[in-house]
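Student: Supplied in structure tokens, the structure appears directly below.
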Amino acid sequence: MSEIAIVGAGFIGLASAAALMRDGHRVTLFDPAGVGQGASFGNAGTFAHYACIPVNNPSVFRDLPRFLLSNDSPFRLRWGYLPHLAPWLARFMMSSLPRRYAASAGALATLLGHAQDGYAPILAAPALARFVRQRECLYLYSNASSFDAARPALDLRKTLGVAFEVLSGDDICALEPSLAPIFERGVLFSDSWHFSDPQGFLQALFDQLATEGLKLERATVGAVQASAQGASLTVDGKTRSFSHVVIATGARSAQFARQCGDVVPLDTERGYHVRYPGAQQLISRPVGWAERGFYMTPMSDGIRVAGTVELAGFGETRNRSLLDLLTFSSKRALPGLDEPDTSWLGFRPTLPDGVPVLGRSSASERVIYAFGHQHLGLTLAGISGRIVADLVAQRAPPFDLAPYAATRFQVAAHAA
């Protein structure tokens, strides 16, 4: 039995704790905000096992000018942030070339193919399974040209094993009659589901694990030091030693990787949501409007409308135009909505190839990375936790981890 520290108490951190504790380890979580208070708090709540198409794909060369200039665009770039972001953007564009895009999609598909199995031990507990709503996700396209533009990505999904059904406008109205009749095509993804309350689920998971010995320290970790014998954290100015340290702190993980010998081009996507209280009866499943880049998800307290991407760093100032876009677009799609009562801004980790970092650090096998999941932290939490536990136990993971290594970015830079 080892003493293990996990930096980060979101979906990845909690799922890693669950897997490590199944192996008999003692685990302490470190997160100054507490359980599920970062990007894990405000996500769309969807188990998106179909989401193997990374944001970096060949269509960005065609669409980027429109994304940057259109008032309806779900993507925003704060121009004052551009000098800092320029190296990341260069890597992102290189990762959007067809060969690299296909490699990223394949790597994501491998992870997503194990996502449900990764959750199985966690959801075996009735107190946790009660948060799951078994309704497939519906993607919507408001015109045939947008659907036709998505055909190559849908074909790749099918090649990579994703099952879905294409719907007509009439099919959409029959499935979700409260939607406005403005959508010409839809895609229904088989076997997807969602959480009724993502943060509530994480709190329930923590409460269960706490009865088994999990500890949480609401403290700031300043540094990670690794050696062949173990790893230590600097916490509030004091050094704490552990057998292993897991870095699962999302968009804030790059500094810790750098301390352990790995320069990872991790940045942040500022994501938003608004909530319509008491409106959850209007739709029966997560509904995404593809062109507008958001989901509407029925949750226990109303409909959460989550999405958009803003590249602007960690500033706390909210982009009012993106919140207005979410509100306007969701009310256009679902006319029965009234007015949102709350809004949220969170920081998603984003890597230029769209693939998370999973594996050991360069400095020591005692420091393990599990970060950079972008829009898929909820979906990939279970399998990521299993991989963390396998690495600690010196077991072979369920598949080759080379595509997820932190060192892949140095290899790509040399190849370029």
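Note on naming: chains are A, B, ... as they come in the structure tokens, residues start from 1 per chain, ligands start from 1 in the order shown.
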Pick out each residue of segment 265-370 of chain A that DSSP on the backbone tags as strand (DSSP E); I need them as an MDAnalysis selection string.
Tutor: chainID A and resid 267:277 287:289 294:299 302:311 342:350 357:360 367:370
Student: Tell me, as JSON, numbers by chain, which residues lie within 12 Å of Gln199 of chain A, counting only C-alpha atoms; anything in the same chain fewer than 2 positions away does not count.
Tutor: {"A": [9, 10, 11, 14, 34, 35, 36, 37, 38, 39, 40, 41, 42, 43, 44, 45, 128, 131, 195, 196, 197, 201, 202, 203, 204, 205, 206, 299, 300, 378]}
Student: Could you build a table of the residues in segment 259-308 of chain A lying no more than 12 Å from segment 143-156 of chain A, giving for each the nearest pair of atoms and their separation in Å rounded to one decimal place, using only C-alpha atoms, ordered by chain and ascending residue number, as JSON lines?
Tutor:
```
{"residue": "A:Trp289", "atom": "CA", "partner": "A:Ser146", "partner_atom": "CA", "distance": 10.9}
{"residue": "A:Ala290", "atom": "CA", "partner": "A:Ser146", "partner_atom": "CA", "distance": 8.5}
{"residue": "A:Glu291", "atom": "CA", "partner": "A:Ser146", "partner_atom": "CA", "distance": 7.3}
{"residue": "A:Arg292", "atom": "CA", "partner": "A:Ser146", "partner_atom": "CA", "distance": 11.1}
```
Student: Go through A:Cys52, A:Val7, A:Met296, A:Leu214 one by one, measure the shortest atom-to-atom distance of each to His373 of chain A using only C-alpha atoms, and give the residue with the smallest value.
Tutor: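 Smallest distance to His373 of chain A is found for A:Cys52.
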Student: Considering only C-alpha atoms, return as a list in words whatever protein or nucleic-acid residues lie within 9 Å of Ala102 of chain A, sequence-local ones (same chain, fewer than 6 positions apart) excluded.
Tutor: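 The residues satisfying every condition are Ile53, Asn57, Ser96 and Leu156 of chain A.
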Student: Excluding Gly302 of chain A and residues on its chain fewer than 6 positions from it, collect all residues at most 8 Å away from it, counting only C-alpha atoms, and give them as a VMD selection string.
Tutor: chain A and resid 275 to 280
Student: Can I get the selection written as a PDB file, in the first residue's frame, with C-alpha atoms?
Tutor:
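Result file result-v9.pdb:
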```
ATOM      1  CA  ARG A 275     -28.771  27.925 -17.051  1.00  0.00           C
ATOM      2  CA  TYR A 276     -32.521  28.039 -17.610  1.00  0.00           C
ATOM      3  CA  PRO A 277     -34.053  26.984 -14.272  1.00  0.00           C
ATOM      4  CA  GLY A 278     -36.930  24.511 -14.239  1.00  0.00           C
ATOM      5  CA  ALA A 279     -36.968  24.048 -18.022  1.00  0.00           C
ATOM      6  CA  GLN A 280     -35.620  20.493 -18.154  1.00  0.00           C
TER       7      GLN A 280
END
```
Student: Using only C-alpha atoms, which protein or nucleic acid residues come within 6 Å of segment 247-249 of chain A? Drop anything in the same chain fewer than 3 positions from it, and give the result as a VMD selection string.
Tutor: chain A and resid 7 to 8 13 252 to 253 369 to 371
Student: Using the selection just defined, write its residues with N, CA, C and O atoms as a short mmCIF file (atom, residue, chain, number, x, y, z; two decimals), in the first residue's frame.
Tutor:
```cif
data_model
loop_
_atom_site.label_atom_id
_atom_site.label_comp_id
_atom_site.auth_asym_id
_atom_site.auth_seq_id
_atom_site.Cartn_x
_atom_site.Cartn_y
_atom_site.Cartn_z
N VAL A 7 -2.90 15.88 -7.71
CA VAL A 7 -3.08 17.32 -7.80
C VAL A 7 -4.25 17.57 -8.73
O VAL A 7 -4.15 17.39 -9.95
N GLY A 8 -5.39 17.99 -8.16
CA GLY A 8 -6.59 18.22 -8.95
C GLY A 8 -7.73 17.33 -8.48
O GLY A 8 -7.57 16.11 -8.38
N GLY A 13 -9.10 13.64 -11.55
CA GLY A 13 -8.52 13.38 -10.24
C GLY A 13 -9.34 12.41 -9.43
O GLY A 13 -8.80 11.47 -8.81
N ARG A 252 -4.07 23.94 -15.72
CA ARG A 252 -2.96 24.48 -14.93
C ARG A 252 -1.85 23.46 -14.72
O ARG A 252 -1.02 23.60 -13.81
N SER A 253 -1.81 22.43 -15.55
CA SER A 253 -0.85 21.34 -15.37
C SER A 253 0.52 21.59 -15.98
O SER A 253 1.48 20.92 -15.62
N TYR A 369 1.20 11.70 -15.43
CA TYR A 369 0.38 12.76 -16.01
C TYR A 369 -0.99 12.22 -16.43
O TYR A 369 -1.08 11.13 -17.01
N ALA A 370 -2.01 13.02 -16.17
CA ALA A 370 -3.36 12.72 -16.66
C ALA A 370 -4.07 14.06 -16.83
O ALA A 370 -4.86 14.48 -15.98
N PHE A 371 -3.76 14.76 -17.91
CA PHE A 371 -4.32 16.09 -18.11
C PHE A 371 -4.44 16.40 -19.59
O PHE A 371 -3.97 15.66 -20.45
#
```
Student: Return the single residue from A:Leu282, A:Leu179, A:Ala231, A:Cys137 that is closest to Val367 of chain A, with distances computed using only C-alpha atoms.
Tutor: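 Nearest candidate to Val367 of chain A out of A:Leu282, A:Leu179, A:Ala231, A:Cys137: A:Ala231.
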Student: Considering only C-alpha atoms, state which residue in the set A:Gln410, A:Ser384, A:Thr220, A:Ser364 is at the smallest distance from Leu112 of chain A.
Tutor: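 Looking at the shortest contact to Leu112 of chain A, the residue is A:Ser384.
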Student: Need the shell around Ala48 of chain A: protein/DNA/RNA residues with any atom at most 12 Å away, counting only C-alpha atoms. Skip same-chain ones fewer than 2 positions apart. Format as a PyMOL selection string?
Tutor: chain A and resi 43-46+50-53+108-109+111-113+115-116+135-139+162+188-195+286-288+295+375-381
Student: Output N, CA, C and O atoms for every residue in that selection, as a short mmCIF file (atom, residue, chain, number, x, y, z; two decimals), in the first residue's frame.
Tutor:
```cif
data_model
loop_
_atom_site.label_atom_id
_atom_site.label_comp_id
_atom_site.auth_asym_id
_atom_site.auth_seq_id
_atom_site.Cartn_x
_atom_site.Cartn_y
_atom_site.Cartn_z
N ASN A 43 -19.41 21.83 -17.21
CA ASN A 43 -19.43 21.23 -18.55
C ASN A 43 -20.86 20.87 -18.97
O ASN A 43 -21.80 21.01 -18.19
N ALA A 44 -20.98 20.35 -20.19
CA ALA A 44 -22.30 20.00 -20.73
C ALA A 44 -22.86 18.72 -20.14
O ALA A 44 -24.03 18.39 -20.39
N GLY A 45 -22.05 17.97 -19.39
CA GLY A 45 -22.55 16.78 -18.72
C GLY A 45 -22.70 15.55 -19.59
O GLY A 45 -23.25 14.54 -19.14
N THR A 46 -22.20 15.59 -20.82
CA THR A 46 -22.45 14.49 -21.76
C THR A 46 -21.32 13.47 -21.76
O THR A 46 -20.14 13.83 -21.74
N TYR A 50 -18.56 9.40 -28.73
CA TYR A 50 -18.52 9.57 -30.19
C TYR A 50 -17.58 10.69 -30.62
O TYR A 50 -17.35 10.89 -31.81
N ALA A 51 -17.00 11.43 -29.67
CA ALA A 51 -16.29 12.69 -29.97
C ALA A 51 -14.82 12.46 -30.34
O ALA A 51 -13.92 13.05 -29.74
N CYS A 52 -14.59 11.63 -31.33
CA CYS A 52 -13.22 11.30 -31.74
C CYS A 52 -12.69 12.25 -32.81
O CYS A 52 -11.57 12.05 -33.31
N ILE A 53 -13.45 13.26 -33.17
CA ILE A 53 -12.99 14.24 -34.16
C ILE A 53 -12.40 15.43 -33.43
O ILE A 53 -13.13 16.21 -32.80
N LEU A 108 -7.79 9.39 -30.16
CA LEU A 108 -8.99 9.66 -29.38
C LEU A 108 -9.97 8.49 -29.45
O LEU A 108 -10.59 8.12 -28.44
N ALA A 109 -10.12 7.90 -30.63
CA ALA A 109 -11.05 6.79 -30.78
C ALA A 109 -10.63 5.60 -29.91
O ALA A 109 -11.49 4.91 -29.34
N LEU A 111 -9.02 5.74 -26.99
CA LEU A 111 -9.43 6.07 -25.62
C LEU A 111 -10.94 5.97 -25.45
O LEU A 111 -11.44 5.37 -24.49
N LEU A 112 -11.69 6.55 -26.40
CA LEU A 112 -13.14 6.58 -26.28
C LEU A 112 -13.75 5.19 -26.36
O LEU A 112 -14.79 4.93 -25.77
N GLY A 113 -13.09 4.30 -27.09
CA GLY A 113 -13.57 2.93 -27.17
C GLY A 113 -13.51 2.20 -25.84
O GLY A 113 -14.21 1.19 -25.65
N ALA A 115 -13.95 4.01 -22.92
CA ALA A 115 -14.49 4.96 -21.94
C ALA A 115 -15.58 4.35 -21.07
O ALA A 115 -15.62 4.56 -19.85
N GLN A 116 -16.49 3.61 -21.67
CA GLN A 116 -17.58 3.02 -20.90
C GLN A 116 -17.06 1.98 -19.92
O GLN A 116 -17.48 1.93 -18.75
N ARG A 135 -30.00 8.62 -22.25
CA ARG A 135 -30.63 9.13 -23.47
C ARG A 135 -29.55 9.58 -24.43
O ARG A 135 -28.63 10.30 -24.07
N GLU A 136 -29.69 9.17 -25.70
CA GLU A 136 -28.67 9.46 -26.70
C GLU A 136 -28.58 10.95 -27.00
O GLU A 136 -29.58 11.67 -26.96
N CYS A 137 -27.39 11.38 -27.36
CA CYS A 137 -27.16 12.77 -27.74
C CYS A 137 -27.59 13.00 -29.19
O CYS A 137 -27.38 12.16 -30.06
N LEU A 138 -28.20 14.17 -29.42
CA LEU A 138 -28.67 14.55 -30.75
C LEU A 138 -27.89 15.77 -31.22
O LEU A 138 -27.87 16.81 -30.55
N TYR A 139 -27.23 15.64 -32.37
CA TYR A 139 -26.58 16.77 -33.04
C TYR A 139 -27.53 17.33 -34.08
O TYR A 139 -28.16 16.57 -34.83
N VAL A 162 -17.82 4.43 -34.50
CA VAL A 162 -18.91 5.18 -33.84
C VAL A 162 -20.23 4.88 -34.54
O VAL A 162 -20.34 5.02 -35.76
N LEU A 188 -28.11 11.16 -34.40
CA LEU A 188 -28.36 10.59 -33.07
C LEU A 188 -27.29 9.56 -32.77
O LEU A 188 -27.16 8.56 -33.49
N PHE A 189 -26.49 9.82 -31.73
CA PHE A 189 -25.36 8.96 -31.42
C PHE A 189 -25.77 7.86 -30.44
O PHE A 189 -26.16 8.14 -29.30
N SER A 190 -25.64 6.62 -30.88
CA SER A 190 -26.07 5.47 -30.09
C SER A 190 -25.24 5.34 -28.81
O SER A 190 -24.04 5.65 -28.79
N ASP A 191 -25.90 4.87 -27.75
CA ASP A 191 -25.24 4.49 -26.49
C ASP A 191 -24.59 5.66 -25.75
O ASP A 191 -23.80 5.43 -24.83
N SER A 192 -24.87 6.89 -26.14
CA SER A 192 -24.38 8.02 -25.35
C SER A 192 -25.35 8.28 -24.20
O SER A 192 -26.49 7.83 -24.21
N TRP A 193 -24.90 9.04 -23.20
CA TRP A 193 -25.73 9.35 -22.04
C TRP A 193 -25.23 10.63 -21.40
O TRP A 193 -24.27 11.22 -21.89
N HIS A 194 -25.87 11.06 -20.34
CA HIS A 194 -25.41 12.27 -19.68
C HIS A 194 -25.67 12.20 -18.18
O HIS A 194 -26.44 11.36 -17.70
N PHE A 195 -25.01 13.09 -17.46
CA PHE A 195 -25.22 13.22 -16.02
C PHE A 195 -26.28 14.29 -15.76
O PHE A 195 -26.30 15.34 -16.39
N PRO A 286 -29.48 15.43 -24.31
CA PRO A 286 -28.58 16.50 -24.76
C PRO A 286 -28.79 16.77 -26.25
O PRO A 286 -28.86 15.85 -27.05
N VAL A 287 -28.90 18.04 -26.58
CA VAL A 287 -29.11 18.47 -27.96
C VAL A 287 -28.02 19.48 -28.30
O VAL A 287 -27.90 20.51 -27.64
N GLY A 288 -27.24 19.18 -29.32
CA GLY A 288 -26.18 20.09 -29.74
C GLY A 288 -26.50 20.73 -31.08
O GLY A 288 -26.96 20.05 -32.01
N TYR A 295 -24.19 22.75 -26.54
CA TYR A 295 -25.15 21.72 -26.13
C TYR A 295 -26.22 22.35 -25.25
O TYR A 295 -25.94 23.25 -24.46
N HIS A 375 -12.35 18.86 -24.22
CA HIS A 375 -13.79 18.77 -23.97
C HIS A 375 -14.22 17.39 -23.48
O HIS A 375 -15.42 17.12 -23.37
N LEU A 376 -13.27 16.51 -23.18
CA LEU A 376 -13.59 15.10 -22.93
C LEU A 376 -13.19 14.62 -21.54
O LEU A 376 -13.10 13.42 -21.30
N GLY A 377 -12.97 15.54 -20.60
CA GLY A 377 -12.57 15.11 -19.26
C GLY A 377 -13.61 14.23 -18.60
O GLY A 377 -13.29 13.20 -18.01
N LEU A 378 -14.88 14.62 -18.69
CA LEU A 378 -15.95 13.80 -18.12
C LEU A 378 -15.98 12.43 -18.78
O LEU A 378 -16.01 11.40 -18.11
N THR A 379 -15.96 12.40 -20.10
CA THR A 379 -16.09 11.14 -20.83
C THR A 379 -14.92 10.20 -20.56
O THR A 379 -15.10 8.99 -20.39
N LEU A 380 -13.72 10.73 -20.50
CA LEU A 380 -12.51 9.91 -20.41
C LEU A 380 -12.01 9.72 -18.98
O LEU A 380 -10.94 9.15 -18.77
N ALA A 381 -12.78 10.18 -18.00
CA ALA A 381 -12.30 10.10 -16.62
C ALA A 381 -12.05 8.66 -16.18
O ALA A 381 -11.01 8.34 -15.59
#
```
Student: Any chance you could list, as a VMD selection string, the residues in segment 121-343 of chain A that come up alpha helix (DSSP H) when DSSP is run on the backbone?
Tutor: chain A and resid 121 to 123 126 to 129 144 to 159 169 to 175 198 to 211 254 to 259 320 to 333
Student: Determine, counting only C-alpha atoms, which protein, DNA and RNA residues have an atom within 12 Å of an atom of Arg91 of chain A; residues of the same chain fewer than 6 positions away are not included. Present the result as a list in words.
Tutor: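 Surrounding residues, per the criterion: Asn56, Leu85, Leu97, Arg100, Tyr101, Val264, Pro265, Leu266, Asp267, Thr350, Leu351, Pro352, Asp353, Gly354, Phe409, Gln410, Ala412, Ala413 and Ala416 of chain A.
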Student: For the atom pair atom CA of Ala86 of chain A and atom CA of Pro74 of chain A, what is the interatomic distance in Å to one decimal place?
Tutor: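 Rounded to one decimal, the two atoms are 20.0 Å apart.
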